[in-house]
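Participant: Next comes start_13.csv, CSV, C-alpha atoms:
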chain,number,residue,atom,x,y,z
A,214,MET,CA,134.8,75.9,87.8
A,215,ASP,CA,134.6,74.5,84.3
A,216,ASP,CA,131.6,75.5,82.1
A,217,LEU,CA,130.5,71.9,81.9
A,218,ASP,CA,130.4,71.6,85.7
A,219,LEU,CA,127.4,73.9,85.7
A,220,PHE,CA,125.5,70.9,84.4
A,221,ARG,CA,126.2,68.9,87.5
A,222,GLU,CA,123.3,70.7,89.1
A,223,PHE,CA,120.9,69.9,86.3
A,224,ARG,CA,117.8,68.3,87.8
A,225,SER,CA,119.8,67.5,90.9
A,226,ASP,CA,116.7,67.1,93.0
A,227,ALA,CA,115.8,63.9,91.2
A,228,ALA,CA,114.7,61.4,93.8
A,229,ALA,CA,115.9,57.9,94.4
A,230,PRO,CA,114.0,55.1,92.6
A,231,THR,CA,110.9,53.8,94.5
A,232,GLU,CA,111.0,50.4,96.1
A,233,ALA,CA,108.3,49.3,93.6
A,234,ALA,CA,110.3,50.4,90.6
A,235,ALA,CA,113.4,48.6,91.9
A,236,ARG,CA,111.3,45.5,92.6
A,237,ARG,CA,109.8,45.5,89.1
A,238,ALA,CA,113.2,45.9,87.5
A,239,SER,CA,114.7,43.1,89.6
A,240,ILE,CA,111.9,40.8,88.5
A,241,GLN,CA,112.6,41.6,84.8
A,242,LEU,CA,116.3,40.9,85.3
A,243,VAL,CA,115.6,37.6,87.1
A,244,GLN,CA,113.3,36.6,84.3
A,245,ALA,CA,116.1,37.3,81.8
A,246,ILE,CA,118.6,35.4,83.9
A,247,GLU,CA,116.3,32.4,84.1
A,248,GLY,CA,115.6,32.6,80.4
A,249,ARG,CA,111.9,33.3,80.8
A,250,PRO,CA,109.9,35.5,78.5
A,251,GLY,CA,108.7,38.9,79.7
A,252,ARG,CA,110.8,41.4,78.0
A,253,GLY,CA,109.6,44.2,75.8
A,254,THR,CA,107.6,47.3,76.6
A,255,GLY,CA,104.1,48.6,76.5
A,256,VAL,CA,101.7,46.8,74.1
A,257,LEU,CA,104.4,44.5,72.8
A,258,ARG,CA,105.1,43.2,76.3
A,259,ARG,CA,101.4,42.5,76.9
A,260,ILE,CA,101.1,40.6,73.7
A,261,ARG,CA,104.2,38.7,74.3
A,262,THR,CA,103.1,37.7,77.8
A,263,ARG,CA,99.7,36.7,76.6
A,264,PRO,CA,100.1,35.3,73.1
A,265,GLY,CA,97.6,32.6,73.8
A,266,ARG,CA,94.8,35.0,74.4
A,267,LEU,CA,95.5,36.5,70.9
A,268,ILE,CA,95.6,33.1,69.3
A,269,LEU,CA,92.5,31.9,70.9
A,270,ALA,CA,90.6,35.1,70.1
A,271,LEU,CA,91.7,34.9,66.4
A,272,ALA,CA,90.8,31.2,66.3
A,273,ALA,CA,87.4,31.8,67.9
A,274,ALA,CA,86.7,34.7,65.6
A,275,ALA,CA,87.6,32.7,62.6
A,276,ALA,CA,85.5,29.8,63.6
A,277,ALA,CA,82.5,32.0,64.5
A,278,ALA,CA,82.8,34.0,61.2
A,279,GLY,CA,83.1,30.8,59.2
A,280,THR,CA,80.1,29.3,60.9
A,281,ALA,CA,78.1,32.5,60.4
A,282,LEU,CA,79.0,32.6,56.7
A,283,PHE,CA,78.0,29.0,56.3
A,284,VAL,CA,74.7,29.3,58.1
A,285,THR,CA,73.5,32.7,57.0
A,286,ALA,CA,75.0,33.4,53.6
A,287,PRO,CA,72.1,35.0,51.8
A,288,TRP,CA,74.1,36.5,48.9
A,289,LYS,CA,73.8,33.7,46.4
A,290,SER,CA,74.6,36.1,43.7
A,291,SER,CA,78.2,36.4,44.7
A,292,PRO,CA,79.3,32.8,45.4
A,293,GLY,CA,82.9,33.5,44.5
A,294,PHE,CA,83.6,35.8,47.4
A,295,LEU,CA,81.7,33.8,49.9
A,296,GLU,CA,83.3,30.6,48.9
A,297,ARG,CA,86.7,32.1,49.2
A,298,ALA,CA,85.9,33.6,52.5
A,299,GLN,CA,84.4,30.5,53.9
A,300,ALA,CA,87.4,28.4,52.7
A,301,ALA,CA,89.8,30.8,54.4
A,302,LEU,CA,87.9,30.8,57.7
A,303,THR,CA,86.9,27.2,58.2
A,304,LEU,CA,89.1,24.3,58.9
A,305,PRO,CA,89.2,21.5,56.4
A,306,GLU,CA,87.0,18.5,57.3
A,307,GLY,CA,88.6,16.2,59.8
A,308,ARG,CA,91.0,18.8,61.2
A,309,ILE,CA,91.0,19.6,65.0
A,310,LEU,CA,91.7,23.1,66.1
A,311,HIS,CA,94.5,23.1,68.7
A,312,ALA,CA,95.3,26.2,70.6
A,313,LYS,CA,97.9,26.5,73.3
A,314,TRP,CA,98.5,29.6,75.4
A,315,GLN,CA,100.3,30.5,78.6
A,316,TYR,CA,99.9,33.3,81.2
A,317,ILE,CA,102.7,35.1,83.1
A,318,ARG,CA,100.9,36.8,85.9
A,319,THR,CA,102.7,39.7,87.6
A,320,SER,CA,101.4,41.4,90.8
A,321,LYS,CA,102.6,44.9,91.4
A,322,ASP,CA,101.0,44.8,94.9
A,323,PHE,CA,102.9,41.8,96.0
A,324,GLY,CA,106.0,42.0,93.8
A,325,CYS,CA,105.7,38.5,92.4
A,326,THR,CA,105.6,36.9,89.0
A,327,VAL,CA,104.1,33.6,88.3
A,328,THR,CA,104.5,31.6,85.1
A,329,LEU,CA,101.4,29.4,84.9
A,330,SER,CA,101.5,26.0,83.1
A,331,PRO,CA,100.3,26.2,79.5
A,332,ASN,CA,96.5,26.0,78.8
A,333,GLU,CA,95.4,23.9,75.8
A,334,LEU,CA,92.2,23.6,73.8
A,335,TRP,CA,91.3,21.0,71.2
A,336,ALA,CA,88.1,21.6,69.3
A,337,ASP,CA,86.4,19.7,66.5
A,338,LEU,CA,84.5,22.4,64.5
A,339,ALA,CA,82.4,19.8,62.9
A,340,GLU,CA,79.2,18.7,64.5
A,341,PRO,CA,78.7,18.0,67.4
A,342,ARG,CA,81.7,20.3,68.0
A,343,ALA,CA,83.4,18.3,70.6
A,344,TYR,CA,86.1,20.0,72.6
A,345,ARG,CA,88.6,19.4,75.4
A,346,GLU,CA,90.3,22.1,77.4
A,347,ILE,CA,93.0,22.1,80.0
A,348,GLN,CA,93.4,25.2,82.1
A,349,HIS,CA,95.7,26.4,84.9
A,350,GLU,CA,94.1,29.7,85.8
A,351,LEU,CA,91.7,29.0,88.6
A,352,PRO,CA,92.8,29.4,92.2
A,353,ARG,CA,92.2,26.6,94.7
A,354,ASP,CA,88.7,26.3,96.1
A,355,GLY,CA,88.3,28.3,99.3
A,356,VAL,CA,91.4,30.5,98.7
A,357,VAL,CA,90.6,34.1,99.8
A,358,ASP,CA,94.1,35.4,100.6
A,359,ARG,CA,95.0,37.9,97.9
A,360,ARG,CA,98.7,37.2,98.1
A,361,THR,CA,98.2,33.4,97.6
A,362,ILE,CA,95.9,34.0,94.7
A,363,ALA,CA,98.4,36.5,93.1
A,364,CYS,CA,101.6,34.6,93.8
A,365,THR,CA,100.8,31.0,93.3
A,366,GLY,CA,99.9,28.9,90.3
A,367,GLY,CA,96.5,27.6,89.5
A,368,PHE,CA,95.0,24.1,89.6
A,369,ARG,CA,94.9,22.0,86.5
A,370,THR,CA,91.3,21.9,85.4
A,371,GLU,CA,90.2,19.7,82.5
A,372,THR,CA,86.8,20.2,80.9
A,373,GLY,CA,85.3,18.9,77.7
A,374,GLY,CA,82.4,17.4,75.9
A,375,THR,CA,80.0,19.1,73.5
A,376,PRO,CA,78.2,22.4,73.9
A,377,SER,CA,74.9,20.5,74.2
A,378,GLY,CA,76.2,17.9,76.6
A,379,PHE,CA,78.8,19.6,78.8
A,380,ARG,CA,80.6,17.4,81.1
A,381,SER,CA,83.3,18.2,83.6
A,382,GLY,CA,86.4,16.2,83.5
A,383,SER,CA,89.0,15.5,86.2
A,384,CYS,CA,90.3,18.3,88.3
A,385,HIS,CA,93.5,17.9,90.2
A,386,ARG,CA,96.2,20.1,91.7
A,387,THR,CA,99.4,20.6,89.8
A,388,ARG,CA,101.1,23.3,92.0
B,182,MET,CA,137.3,38.8,106.3
B,183,GLU,CA,136.3,37.7,102.8
B,184,GLN,CA,136.5,40.5,100.3
B,185,SER,CA,133.4,40.8,98.0
B,186,PRO,CA,134.2,40.2,94.4
B,187,SER,CA,134.6,43.1,92.1
B,188,ASP,CA,132.1,44.0,89.4
B,189,SER,CA,134.2,42.7,86.6
B,190,GLU,CA,134.7,39.4,88.5
B,191,LEU,CA,131.0,39.0,89.0
B,192,VAL,CA,130.4,39.7,85.3
B,193,ALA,CA,133.0,37.1,84.3
B,194,ARG,CA,131.6,34.6,86.7
B,195,SER,CA,128.0,35.2,85.4
B,196,LEU,CA,129.1,33.8,82.0
B,197,ASP,CA,129.0,30.4,83.6
B,198,GLN,CA,126.7,31.1,86.5
B,199,PRO,CA,124.1,33.6,85.4
B,200,ARG,CA,122.8,34.4,88.8
B,201,ALA,CA,126.2,35.9,89.7
B,202,PHE,CA,125.0,38.9,87.8
B,203,GLU,CA,122.4,39.8,90.4
B,204,PRO,CA,124.7,41.7,92.8
B,205,ILE,CA,125.5,44.1,89.8
B,206,PHE,CA,121.8,45.1,90.0
B,207,ASP,CA,121.9,45.7,93.7
B,208,ARG,CA,125.1,47.8,93.5
B,209,HIS,CA,124.2,50.0,90.6
B,210,PHE,CA,120.5,50.2,90.0
B,211,PRO,CA,120.0,53.4,92.1
B,212,ALA,CA,122.8,55.2,90.2
B,213,VAL,CA,121.6,54.2,86.8
B,214,HIS,CA,118.0,55.1,87.6
B,215,ARG,CA,119.1,58.5,88.9
B,216,TYR,CA,121.0,59.2,85.7
B,217,LEU,CA,118.0,58.3,83.6
B,218,HIS,CA,115.6,60.1,85.9
B,219,ARG,CA,117.6,63.3,85.4
B,220,ARG,CA,117.6,62.9,81.6
B,221,ALA,CA,114.2,61.5,81.0
B,222,GLY,CA,111.9,61.9,84.0
B,223,ARG,CA,110.9,59.3,86.6
B,224,GLU,CA,108.3,57.4,84.7
B,225,LEU,CA,110.6,56.7,81.8
B,226,ALA,CA,113.5,56.0,84.1
B,227,ASP,CA,111.6,53.3,85.8
B,228,GLU,CA,111.1,51.5,82.5
B,229,LEU,CA,114.5,52.2,80.9
B,230,ALA,CA,116.6,51.4,84.0
B,231,ALA,CA,115.0,48.0,84.1
B,232,GLU,CA,115.7,47.5,80.4
B,233,THR,CA,119.3,48.6,80.9
B,234,PHE,CA,120.0,45.8,83.3
B,235,VAL,CA,118.3,43.2,81.1
B,236,VAL,CA,120.4,44.4,78.1
B,237,ALA,CA,123.5,44.5,80.2
B,238,PHE,CA,122.9,40.9,81.3
B,239,GLU,CA,122.4,39.8,77.7
B,240,ARG,CA,125.6,41.6,76.5
B,241,ARG,CA,127.7,40.8,79.5
B,242,ALA,CA,130.2,38.8,77.4
B,243,SER,CA,131.1,42.1,75.7
B,244,CYS,CA,131.9,44.0,78.9
B,245,ARG,CA,135.5,45.3,78.8
B,246,SER,CA,135.5,47.0,82.2
B,247,SER,CA,138.3,45.9,84.5
B,248,GLY,CA,136.9,47.3,87.8
B,249,SER,CA,133.5,48.9,88.2
B,250,VAL,CA,131.1,48.2,85.4
B,251,LEU,CA,129.2,51.4,86.2
B,252,PRO,CA,130.5,53.3,83.1
B,253,TRP,CA,129.6,50.4,80.9
B,254,LEU,CA,126.1,50.4,82.4
B,255,TYR,CA,125.8,54.2,81.9
B,256,GLY,CA,126.7,53.6,78.2
B,257,ILE,CA,124.0,51.0,77.9
B,258,ALA,CA,121.5,53.3,79.6
B,259,THR,CA,122.4,56.1,77.2
B,260,ASN,CA,121.8,53.8,74.2
B,261,VAL,CA,118.6,52.6,75.6
B,262,LEU,CA,117.5,56.2,76.2
B,263,ARG,CA,118.4,57.1,72.6
B,264,ARG,CA,116.3,54.3,71.3
B,265,SER,CA,113.3,55.5,73.3
B,266,SER,CA,110.6,57.0,71.1
B,267,ARG,CA,110.3,60.2,73.1
B,268,SER,CA,112.5,63.0,72.0
B,269,GLU,CA,114.8,64.3,74.7
B,270,ARG,CA,115.7,67.3,72.6
B,271,ARG,CA,112.1,68.4,72.1
B,272,GLN,CA,111.5,68.1,75.8
B,273,LEU,CA,114.6,70.2,76.6
B,274,ARG,CA,113.6,72.9,74.2
B,275,ALA,CA,110.2,73.1,75.8
B,276,TYR,CA,111.7,73.2,79.2
B,277,GLY,CA,114.1,76.0,78.1
B,278,ARG,CA,111.3,78.0,76.5
B,279,THR,CA,108.7,77.7,79.3
B,280,GLY,CA,110.7,77.0,82.4
B,281,LEU,CA,108.4,74.1,83.2
B,282,ASP,CA,109.9,70.7,83.5
B,283,ARG,CA,107.0,68.4,82.6
B,284,TRP,CA,109.1,65.3,83.2
B,285,ALA,CA,109.9,66.3,86.7
B,286,SER,CA,108.0,64.5,89.4
B,287,TYR,CA,108.9,66.5,92.4
B,288,ASP,CA,106.2,67.1,95.0
B,289,GLU,CA,107.3,70.7,95.3
B,290,PRO,CA,109.3,71.9,92.4
B,291,PRO,CA,112.2,73.9,93.6
B,292,ALA,CA,112.9,77.3,92.1
B,293,ARG,CA,115.6,76.3,89.7
B,294,VAL,CA,116.0,79.2,87.4
B,295,HIS,CA,119.3,77.8,86.0
B,296,ASP,CA,117.9,74.5,85.0
B,297,ALA,CA,115.7,76.0,82.2
B,298,ARG,CA,118.7,77.7,80.8
B,299,LEU,CA,120.8,74.6,81.0
B,300,ALA,CA,118.0,72.7,79.2
B,301,ARG,CA,118.1,75.3,76.4
B,302,ALA,CA,121.8,74.8,76.1
B,303,LEU,CA,121.5,71.1,76.0
B,304,ALA,CA,118.9,71.3,73.3
B,305,ALA,CA,121.3,73.2,71.1
B,306,MET,CA,123.9,70.3,71.2
B,307,ARG,CA,124.1,67.3,69.0
B,308,PRO,CA,122.9,64.1,70.6
B,309,ARG,CA,126.5,62.7,71.0
B,310,GLU,CA,127.7,65.9,72.4
B,311,ARG,CA,124.8,65.9,74.9
B,312,ASP,CA,125.5,62.3,75.8
B,313,ALA,CA,129.1,62.9,76.5
B,314,LEU,CA,128.4,66.1,78.5
B,315,LEU,CA,125.7,64.5,80.6
B,316,LEU,CA,127.8,61.3,81.3
B,317,TYR,CA,130.6,63.7,82.4
B,318,ALA,CA,128.4,66.0,84.5
B,319,LEU,CA,125.5,63.8,85.7
B,320,ALA,CA,127.2,60.5,86.0
B,321,ASP,CA,130.5,62.0,87.1
B,322,LEU,CA,132.6,60.1,84.6
B,323,SER,CA,136.1,61.0,83.3
B,324,SER,CA,136.7,61.5,79.6
B,325,GLU,CA,138.2,58.0,79.5
B,326,GLN,CA,135.2,56.5,81.2
B,327,VAL,CA,132.8,58.4,78.9
B,328,ALA,CA,134.8,56.9,76.0
B,329,LEU,CA,134.4,53.4,77.4
B,330,ALA,CA,130.7,54.0,78.0
B,331,LEU,CA,130.1,55.2,74.4
B,332,ASP,CA,132.6,52.9,72.9
B,333,VAL,CA,134.5,55.6,71.1
B,334,PRO,CA,138.1,56.8,71.3
B,335,VAL,CA,138.8,59.2,74.1
B,336,GLY,CA,139.9,61.9,71.6
B,337,THR,CA,136.4,61.8,70.1
B,338,VAL,CA,134.9,62.3,73.6
B,339,ARG,CA,137.2,65.3,74.2
B,340,THR,CA,136.1,66.8,70.9
B,341,TRP,CA,132.5,66.4,71.7
B,342,LEU,CA,133.0,67.9,75.2
B,343,HIS,CA,134.8,70.8,73.6
B,344,ARG,CA,132.0,71.5,71.3
B,345,ALA,CA,129.5,71.1,74.1
B,346,ARG,CA,131.4,73.6,76.1
B,347,GLU,CA,131.4,76.1,73.2
B,348,LYS,CA,127.6,75.7,72.7
B,349,ALA,CA,126.9,75.9,76.4
B,350,ARG,CA,128.9,79.1,76.6
B,351,ARG,CA,127.2,80.6,73.6
B,352,GLU,CA,123.7,79.7,74.8
B,353,LEU,CA,124.2,80.7,78.4
B,354,THR,CA,125.8,84.0,77.7
B,355,THR,CA,123.1,85.2,75.3
B,356,GLU,CA,120.6,85.1,78.1
B,357,ASP,CA,119.4,88.4,79.5
B,358,GLU,CA,120.7,87.5,82.8
B,359,ALA,CA,123.7,85.5,81.9
B,360,LEU,CA,125.0,82.9,84.3
B,361,PRO,CA,128.5,83.5,85.6
B,362,ILE,CA,130.7,81.2,83.5
B,363,ALA,CA,134.2,80.6,84.6
B,364,THR,CA,136.9,80.1,82.1
B,365,SER,CA,139.3,78.2,84.2
B,366,GLY,CA,139.1,74.9,86.1
B,367,VAL,CA,139.1,71.3,85.1
B,368,ASP,CA,140.1,70.9,81.5
B,369,VAL,CA,138.4,67.9,80.1
B,370,ASN,CA,140.2,68.4,76.9
B,371,GLY,CA,143.4,68.0,78.7
Do you think you could lay out the structure here as C-alpha cells?

Facilitator:
Amino acid sequence: MDDLDLFREFRSDAAAPTEAAARRASIQLVQAIEGRPGRGTGVLRRIRTRPGRLILALAAAAAAAGTALFVTAPWKSSPGFLERAQAALTLPEGRILHAKWQYIRTSKDFGCTVTLSPNELWADLAEPRAYREIQHELPRDGVVDRRTIACTGGFRTETGGTPSGFRSGSCHRTR
Amino acid sequence: MEQSPSDSELVARSLDQPRAFEPIFDRHFPAVHRYLHRRAGRELADELAAETFVVAFERRASCRSSGSVLPWLYGIATNVLRRSSRSERRQLRAYGRTGLDRWASYDEPPARVHDARLARALAAMRPRERDALLLYALADLSSEQVALALDVPVGTVRTWLHRAREKARRELTTEDEALPIATSGVDVNG
C-alpha cells in the first residue's frame, strides 16, 4: 500500500448530497444555461437578485431626506452645507424619478425559481407628487395554494395618482 | 440500442445547444459534491458544487477532455474551493490538533482516529501538493488526470505527489502511535 493511499479513507463517511442540494444546484445551472441572472454567493447574490429593492430604497431615502432638509432646515447659519446637501439629494425641477426593479423568487420548499416581470415606478417629486407604479408581485385573488403562490408569476397591477388622491388603475393578468 | 453520447460529445454539442450540458450535471454532480464534502464539509460543498457546474458550463469551450469530463470538473471544483474565503489549512490544523472535525455533518461521528492524523499531515503540505494528493486519493485520479485537472505538466504533479508523500511520512511517523506506513505499492512517481 502506498503512503498516499492512506488518504483514500480520509472522511470516507461523507454522505451523498441531499436531494434539496442537488435541486438547488440544478436550478443554478439551468439559470446559467438560459442566460438568466442568479449567480454569486451570499450577500452578493441577494443584492444581485433584488437590485430594484436597493435602488428603490436609495431613491426613497434620497427623496425623503431631501424633502426633510427642504422643509425643516433650521440651521440658517450654515447655508453652504445645507444647500449642497439639498442639491445632491433632490431632483432638478421638472425631472421624473424612474425606478425599475425585478424579482427572482426561489422556493426551497418547492424547488422552483420564478423570474417576475420588471416592476416600475415613476414619481414626480414636485407637488402634488404624482406617481405611477406597475407591479408584478401580488398573487391572483383567491389563490391559497402555497405551491401556486411560490412557483407562478404575479399579476400586473398598476396604481397611481397622488398621495392625497389615490386612485387605483387597471389590473390585469400577465401570467 | 442507441448509445448515450460521451461526456466530451455532450460538451462539444453544448457549444451550439447549451441544454446539452445538462446530462453532465446528472452524471457527475454526486461525485463532485462528495469530493468537496470530504475537503470542505457538507454546507460549503452544497454551495461550491453548484458553483462548479456553473463555472464549468461557462468555460466549456476550454474543456480538453476526450472522454469523461470528471477530471476537468474536479479541477474546477479544486479551483473554486481554493477561492473560497474559508481556510482549509486552518481547519485541518484544528482537526489534527483536537481530533474534532467541525466540518463533518455525520449524525453519529465514527471513531476515526486516523483522520485527525491525516488532517495534520495535510495541513503540513503546500496547497498545490495537497490538491494533487487529494485529487489522487479522494477523487481516484491518475497522475495524468491530476495534471489535466490542474492544468499542469504531469511531471509537476509527480513532484508534488512525491513531496506530499515525504511530508505525510514525516508527519505520520512522528506520532506517538505511528500509523503503519508501507514503503512499497503503487508508485505515482513512476

Participant: Which neighbours of range 211-227 of chain B fall inside 8 Å, counting all atoms listed in the file, when residues of the same chain fewer than 6 positions from it are skipped, and could you give them as a ChimeraX atom specification?

Facilitator: /A:223-225,227-230,234-235,238 /B:254-255,258,262,269,284-286,319-320

Participant: Would you mind exporting C-alpha atoms of the selected residues as a PDB file, in the coordinates of the input?

Facilitator:
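Once everything was written out, this is again-v1.pdb:
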ATOM      1  CA  PHE A 223     120.900  69.900  86.300  1.00  0.00           C
ATOM      2  CA  ARG A 224     117.800  68.300  87.800  1.00  0.00           C
ATOM      3  CA  SER A 225     119.800  67.500  90.900  1.00  0.00           C
ATOM      4  CA  ALA A 227     115.800  63.900  91.200  1.00  0.00           C
ATOM      5  CA  ALA A 228     114.700  61.400  93.800  1.00  0.00           C
ATOM      6  CA  ALA A 229     115.900  57.900  94.400  1.00  0.00           C
ATOM      7  CA  PRO A 230     114.000  55.100  92.600  1.00  0.00           C
ATOM      8  CA  ALA A 234     110.300  50.400  90.600  1.00  0.00           C
ATOM      9  CA  ALA A 235     113.400  48.600  91.900  1.00  0.00           C
ATOM     10  CA  ALA A 238     113.200  45.900  87.500  1.00  0.00           C
TER      11      ALA A 238
ATOM     12  CA  LEU B 254     126.100  50.400  82.400  1.00  0.00           C
ATOM     13  CA  TYR B 255     125.800  54.200  81.900  1.00  0.00           C
ATOM     14  CA  ALA B 258     121.500  53.300  79.600  1.00  0.00           C
ATOM     15  CA  LEU B 262     117.500  56.200  76.200  1.00  0.00           C
ATOM     16  CA  GLU B 269     114.800  64.300  74.700  1.00  0.00           C
ATOM     17  CA  TRP B 284     109.100  65.300  83.200  1.00  0.00           C
ATOM     18  CA  ALA B 285     109.900  66.300  86.700  1.00  0.00           C
ATOM     19  CA  SER B 286     108.000  64.500  89.400  1.00  0.00           C
ATOM     20  CA  LEU B 319     125.500  63.800  85.700  1.00  0.00           C
ATOM     21  CA  ALA B 320     127.200  60.500  86.000  1.00  0.00           C
TER      22      ALA B 320
END

Participant: In Å, how far is it from CA of Arg339 in chain B to CA of Glu325 in chain B?

Facilitator: 9.1 Å

Participant: So that I can check the surroundings of Leu334 in chain A, please list as a list in words every protein, DNA and RNA residue that reaches within 10 Å of it, counting all atoms listed in the file and ignoring chain neighbours fewer than 3 positions away.

Facilitator: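 In the requested format, the answer is Leu269, Ile309, Leu310, His311, Ala312, Lys313, Trp314, Tyr344, Arg345, Glu346, Ile347, Gln348, Glu371, Thr372 and Gly373 of chain A.
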
Participant: When the cut-off is 10 Å and we count all atoms listed in the file, which residues of chain A are near chain B, given as a PyMOL selection string?

Facilitator: chain A and resi 214-231+233-248+252-255

Participant: Hey, can you check how far CA of Arg274 in chain B sits from CA of Val333 in chain B?

Facilitator: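 It comes out at 27.3 Å.
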
Participant: Out of B:Ser185, B:Thr259, B:Ser324, B:Thr340, which residue has the shortest atom-to-atom distance to Arg208 in chain B when counting only C-alpha atoms?

Facilitator: B:Ser185

Participant: Between CA of Ala305 in chain B and CA of Leu251 in chain B, what distance in Å does the model show, to one decimal?

Facilitator: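 CA of Ala305 in chain B sits 27.7 Å away from CA of Leu251 in chain B.
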
Participant: Identify, on the basis of all atoms listed in the file, every residue whose closest approach to Ala304 in chain B does not exceed 9 Å; exclude the query and any residue fewer than 6 positions from it along the same chain; express the result as a list in words.

Facilitator: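 So the residues in contact are Glu269, Arg270, Arg271, Gln272, Leu273, Arg274, Gly277 and Arg311 of chain B.
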
Participant: Enclose range 331-349 of chain A, meaning all of its atoms listed in the file, in a box aligned along x, y and z, pad it by 6 Å on each side, and list the centre and edge lengths in Å to one decimal, as JSON.

Facilitator:
{"center_x": 89.5, "center_y": 22.2, "center_z": 73.9, "size_x": 33.6, "size_y": 20.4, "size_z": 34.0}

Participant: With a distance cut-off of 8 Å and all atoms listed in the file, select the neighbouring residues of Val327 in chain B, excluding the residue or stretch itself and same-chain residues fewer than 6 positions from it, and output the selection as an NGL selection string.

Facilitator: :B and (252 or 256 or 313 or 316-317 or 335 or 338)

Participant: Of the residues A:Glu232, A:Arg360, A:Arg342, A:His349, which is the one nearest to Thr326 in chain A, using all atoms listed in the file?

Facilitator: A:Arg360
